[in-house]
Amino acid sequence: MQNQWIFKRLSPDEQEKQTSIANALSISPVMAKLLVQRGIYTFDDAKSFFRPDLGQLHDPFLIKDMHKAVDRLNKACENKEKILIYGDYDVDGTTAVALVYKFLQDCGCPSQLDYYIPDRYKEGYGLSREGVEYARDKGVKLIITLDCGIKAIERVEYARSFGIDVIICDHHTTDDTLPDAVAVLDSKRADDTYPYKDLSGCGVGFKLMQAFAQSNGIDFSRLESLLDFVAVSIASDIVPITGENRILAYYGIKRLNEHPSKGIKAIIDTCALSSSKDHKSAQQQEITMSDIVFKIGPRINASGRMKSGREVVELLVSNDDIQAEQISININDYNEERRGIDKVTTAEAEQIILAEGNIETRKALVVFNSNWHKGIVGIVASRLTEKYYKPTIVLTKANGLISGSARSVHGFDLYSAIDSCRDLLENFGGHTYAAGLSLKEENLTEFTRRFEEYVAENIKEDQLVPQIEIDCELTLADITPKFIRILRQFEPFGPGNIHPYFCVRRVFDHNSNSRKVGRDNEHLKLEITDNSENGIFMNGIAFRMAHFLPLIKSNTPIDIVFTIEDNNFNGNITTQLMIRDIKQSE
């Protein structure tokens, strides 16, 4: 499917601000435009953006119910009550559990702590009856849920029936009725006035520990040492890299590069982010948000998908090098297994879609196979959404229920579409662009009909066409060392601060050096030039774009859209263009 190129334009007022900040900072108009697009208009705005400061973090007690949560946690520590740290099985949940467990173990109440990650297949998402019963049998008096619990009304009541209190730390969309917990920490609550609404689940756990530290006179530096967990959660859960998240991610990435936890360091060593195959002598490369998204995060997720999320928490809280190395090897093996199953399942799902027909006219896709592995349906949903560019739900069967994951396209509220069918569902939750759900098999046909009908009635035609939003047009001559140096200061990139997309027009293959690369020759290694008198040329990589090679070799001028990134090969860092799309020049 061909992408529509959308060039971002500034209003006349924004153009004036662009000129002003370019002069104030002595930067190029292109860089000034990138700042204005991010709402940065003044020198002070730019200083806060380029130099995030932990001192700018909001007071955690501004979160609704935070005083209640800290008072109950302090009481549990003082009375030596048993506390269960309970989290979801994905990256956000497991990092949140690890952060809260490690901090309380080091600074609060080490003797009475335990943690629990539900089995993805036996218990499903969120606070489970099995988890509550585990707490009861262990004599737990307080459960802290992380990255889940906001809809666990019945489960919280179940816990209360055993005399167990619950503190909920969540960041998902809330219903009108909240669980009757001791405290419900979720800035998306309608009655919450916290200044920032987009924390990750681990981020909410961090704010609880920040408040606990303040109430007990614990130095913030002891909590700061766990910011690598928060950075991993922010990158993997695809929350906005704005405001408080930008500060947390900035210092979390710094921690990842300078002094990561033993568990995360073990993952770094097993996923080709060290410059030597000998892990004990390896020099760590510069870790970026992309490394988390594509290498660290998937391995953490693979444990919960293929085996047990508890094993990841064991890794993340480990202080033993040998144990950490062994567990990291295990989860790397799970990730390899996951990749194989993912590939087969995606192919099977595509066969179902093509067999049903009418792919061009359908507005949404719902595919079901009772034999698919529950742990990878979210990945398959993402791949199908990327290929067909329609809101997509992939379902399988587990524990007597149909369950699965949903993914959306840019601008369409998937959560509302699923919510419109809530009377047919046993459980659901998520965000605008990603959600999980479960239902009885007898409701599947009607759910599919109503979901597809809702999407057809509410989605706009332009939302069904993949778009690439281009920040600025450049020439190759614009990409100077100073340009690259300033661009790096925009990091960390992510939603709300996406990696800038640039366009260069009318470039050519340089000396016929562009070629296919990769195991299956599916990628392109490009060497392009603008044929200027200065003879400027640059290297680029275009993943899964080998079909463009005949066009490039025809010596026809092409337009390219790309991001500018570092290529670290055996410790040698060079600049390369990460090609996002190619078109023949008009």
# chains A, B, ... in the order shown; residues from 1 in each chain; ligands from 1
call {"tool": "residues_around", "arguments": {"residues": "Arg339 (chain A)", "least_positions_apart": "5", "cutoff": "12 Å", "atoms": "only C-alpha atoms", "output": "ChimeraX atom specification"}}
result
/A:298-299,301-302,305-306,332-334,344-346,373,375-377,379-380
call {"tool": "residues_around", "arguments": {"residues": "Ala96 (chain A)", "least_positions_apart": "2", "cutoff": "10 Å", "atoms": "only C-alpha atoms", "output": "VMD selection string"}}
result
chain A and resid 85 to 88 90 to 94 98 to 102 145 to 147 169 200 to 206 229 to 230 233 313
call {"tool": "atom_distance", "arguments": {"atom1": "CA of Glu154 (chain A)", "atom2": "CA of Arg407 (chain A)"}}
result
27.2 Å
call {"tool": "residues_around", "arguments": {"residues": "Lys390 (chain A)", "least_positions_apart": "2", "cutoff": "8 Å", "atoms": "only C-alpha atoms", "output": "ChimeraX atom specification"}}
result
/A:363-365,385,388,392,408-409,464
call {"tool": "atom_distance", "arguments": {"atom1": "CA of Tyr194 (chain A)", "atom2": "CA of Phe220 (chain A)"}}
result
20.5 Å
call {"tool": "select_by_dssp", "arguments": {"residues": "region 43-259 of chain A", "states": "helix (DSSP H, G or I)", "output": "PyMOL selection string"}}
result
chain A and resi 43-50+54-56+60-62+66-78+91-107+110-112+129-137+153-160+201-215+220-224+227-236+243-258
call {"tool": "closest_residue", "arguments": {"among": "A:Lys374, A:Arg72, A:Lys516, A:Lys122", "to": "Asn399 (chain A)", "atoms": "only C-alpha atoms"}}
result
A:Lys122
call {"tool": "residues_around", "arguments": {"residues": "Phe562 (chain A)", "least_positions_apart": "5", "cutoff": "6 Å", "atoms": "only C-alpha atoms", "output": "PyMOL selection string"}}
result
chain A and resi 501-502+577-580
call {"tool": "write_last_selection", "arguments": {"atoms": "N, CA, C and O atoms", "output": "mmCIF file, in the first residue's frame"}}
result
data_model
loop_
_atom_site.group_PDB
_atom_site.id
_atom_site.type_symbol
_atom_site.label_atom_id
_atom_site.label_comp_id
_atom_site.auth_asym_id
_atom_site.auth_seq_id
_atom_site.Cartn_x
_atom_site.Cartn_y
_atom_site.Cartn_z
ATOM 1 N N TYR A 501 11.093 13.314 10.569
ATOM 2 C CA TYR A 501 11.147 12.752 9.229
ATOM 3 C C TYR A 501 11.510 13.866 8.253
ATOM 4 O O TYR A 501 10.892 14.928 8.229
ATOM 5 N N PHE A 502 12.528 13.592 7.434
ATOM 6 C CA PHE A 502 13.004 14.561 6.456
ATOM 7 C C PHE A 502 12.792 14.021 5.045
ATOM 8 O O PHE A 502 12.695 12.798 4.830
ATOM 9 N N LEU A 577 21.228 7.373 6.794
ATOM 10 C CA LEU A 577 19.821 7.701 6.601
ATOM 11 C C LEU A 577 18.999 6.424 6.753
ATOM 12 O O LEU A 577 19.270 5.429 6.072
ATOM 13 N N MET A 578 18.019 6.447 7.651
ATOM 14 C CA MET A 578 17.099 5.326 7.791
ATOM 15 C C MET A 578 15.912 5.623 6.876
ATOM 16 O O MET A 578 15.041 6.431 7.188
ATOM 17 N N ILE A 579 15.909 4.975 5.710
ATOM 18 C CA ILE A 579 14.915 5.289 4.682
ATOM 19 C C ILE A 579 13.549 4.756 5.089
ATOM 20 O O ILE A 579 13.398 3.586 5.435
ATOM 21 N N ARG A 580 12.545 5.633 5.029
ATOM 22 C CA ARG A 580 11.178 5.253 5.399
ATOM 23 C C ARG A 580 10.274 5.074 4.185
ATOM 24 O O ARG A 580 9.293 4.336 4.256
#
call {"tool": "residues_around", "arguments": {"residues": "region 238-251 of chain A", "least_positions_apart": "6", "cutoff": "7 Å", "atoms": "only C-alpha atoms", "output": "ChimeraX atom specification"}}
result
/A:52-54,57,196,198-200,227,230-231,492-497
call {"tool": "atom_distance", "arguments": {"atom1": "CA of Ile300 (chain A)", "atom2": "CA of Ser370 (chain A)"}}
result
25.4 Å
call {"tool": "residues_around", "arguments": {"residues": "Asp175 (chain A)", "least_positions_apart": "5", "cutoff": "10 Å", "atoms": "only C-alpha atoms", "output": "PDB file with N, CA, C and O atoms, in the first residue's frame"}}
result
ATOM      1  N   ILE A 150      -7.458  -1.236  37.463  1.00  0.00           N
ATOM      2  CA  ILE A 150      -8.410  -0.134  37.418  1.00  0.00           C
ATOM      3  C   ILE A 150      -9.840  -0.606  37.172  1.00  0.00           C
ATOM      4  O   ILE A 150     -10.804   0.105  37.500  1.00  0.00           O
ATOM      5  N   LYS A 151      -9.996  -1.816  36.640  1.00  0.00           N
ATOM      6  CA  LYS A 151     -11.342  -2.353  36.408  1.00  0.00           C
ATOM      7  C   LYS A 151     -11.640  -3.577  37.277  1.00  0.00           C
ATOM      8  O   LYS A 151     -12.651  -4.261  37.076  1.00  0.00           O
ATOM      9  N   LYS A 188      -5.708   9.248  34.987  1.00  0.00           N
ATOM     10  CA  LYS A 188      -6.796   9.320  34.015  1.00  0.00           C
ATOM     11  C   LYS A 188      -8.167   9.302  34.691  1.00  0.00           C
ATOM     12  O   LYS A 188      -9.195   9.368  34.005  1.00  0.00           O
ATOM     13  N   ARG A 189      -8.196   9.205  36.020  1.00  0.00           N
ATOM     14  CA  ARG A 189      -9.459   9.351  36.737  1.00  0.00           C
ATOM     15  C   ARG A 189     -10.085  10.705  36.412  1.00  0.00           C
ATOM     16  O   ARG A 189      -9.402  11.710  36.328  1.00  0.00           O
ATOM     17  N   ALA A 190     -11.412  10.721  36.289  1.00  0.00           N
ATOM     18  CA  ALA A 190     -12.096  11.966  35.957  1.00  0.00           C
ATOM     19  C   ALA A 190     -11.909  13.024  37.033  1.00  0.00           C
ATOM     20  O   ALA A 190     -11.928  14.233  36.746  1.00  0.00           O
ATOM     21  N   GLY A 429      -9.739  -3.847  28.134  1.00  0.00           N
ATOM     22  CA  GLY A 429      -9.025  -2.681  28.648  1.00  0.00           C
ATOM     23  C   GLY A 429      -7.967  -2.257  27.654  1.00  0.00           C
ATOM     24  O   GLY A 429      -7.630  -3.003  26.725  1.00  0.00           O
TER      25      GLY A 429
END
call {"tool": "select_by_dssp", "arguments": {"residues": "region 119-303 of chain A", "states": "strand (DSSP E or B)", "output": "list in words"}}
result
Val140, Lys141, Leu142, Ile143, Ile144, Thr145, Leu146, Asp165, Val166, Ile167, Ile168, Cys169, Ala183, Val184, Leu185, Ser274 and Gln284 of chain A
call {"tool": "write_last_selection", "arguments": {"atoms": "C-alpha atoms", "output": "short mmCIF file (atom, residue, chain, number, x, y, z; two decimals), in the first residue's frame"}}
result
data_model
loop_
_atom_site.label_atom_id
_atom_site.label_comp_id
_atom_site.auth_asym_id
_atom_site.auth_seq_id
_atom_site.Cartn_x
_atom_site.Cartn_y
_atom_site.Cartn_z
CA VAL A 140 -0.79 -11.03 52.85
CA LYS A 141 -2.58 -7.98 54.23
CA LEU A 142 -1.81 -5.48 51.44
CA ILE A 143 -1.70 -5.93 47.65
CA ILE A 144 -0.19 -3.23 45.45
CA THR A 145 -1.27 -3.67 41.83
CA LEU A 146 0.90 -2.16 39.09
CA ASP A 165 -6.43 -4.17 51.35
CA VAL A 166 -5.53 -3.12 47.80
CA ILE A 167 -3.64 -0.11 46.44
CA ILE A 168 -4.15 0.24 42.69
CA CYS A 169 -1.44 1.84 40.53
CA ALA A 183 -6.34 4.02 47.08
CA VAL A 184 -6.72 4.21 43.30
CA LEU A 185 -3.74 5.93 41.69
CA SER A 274 27.76 -4.95 23.41
CA GLN A 284 28.46 -1.47 25.97
#
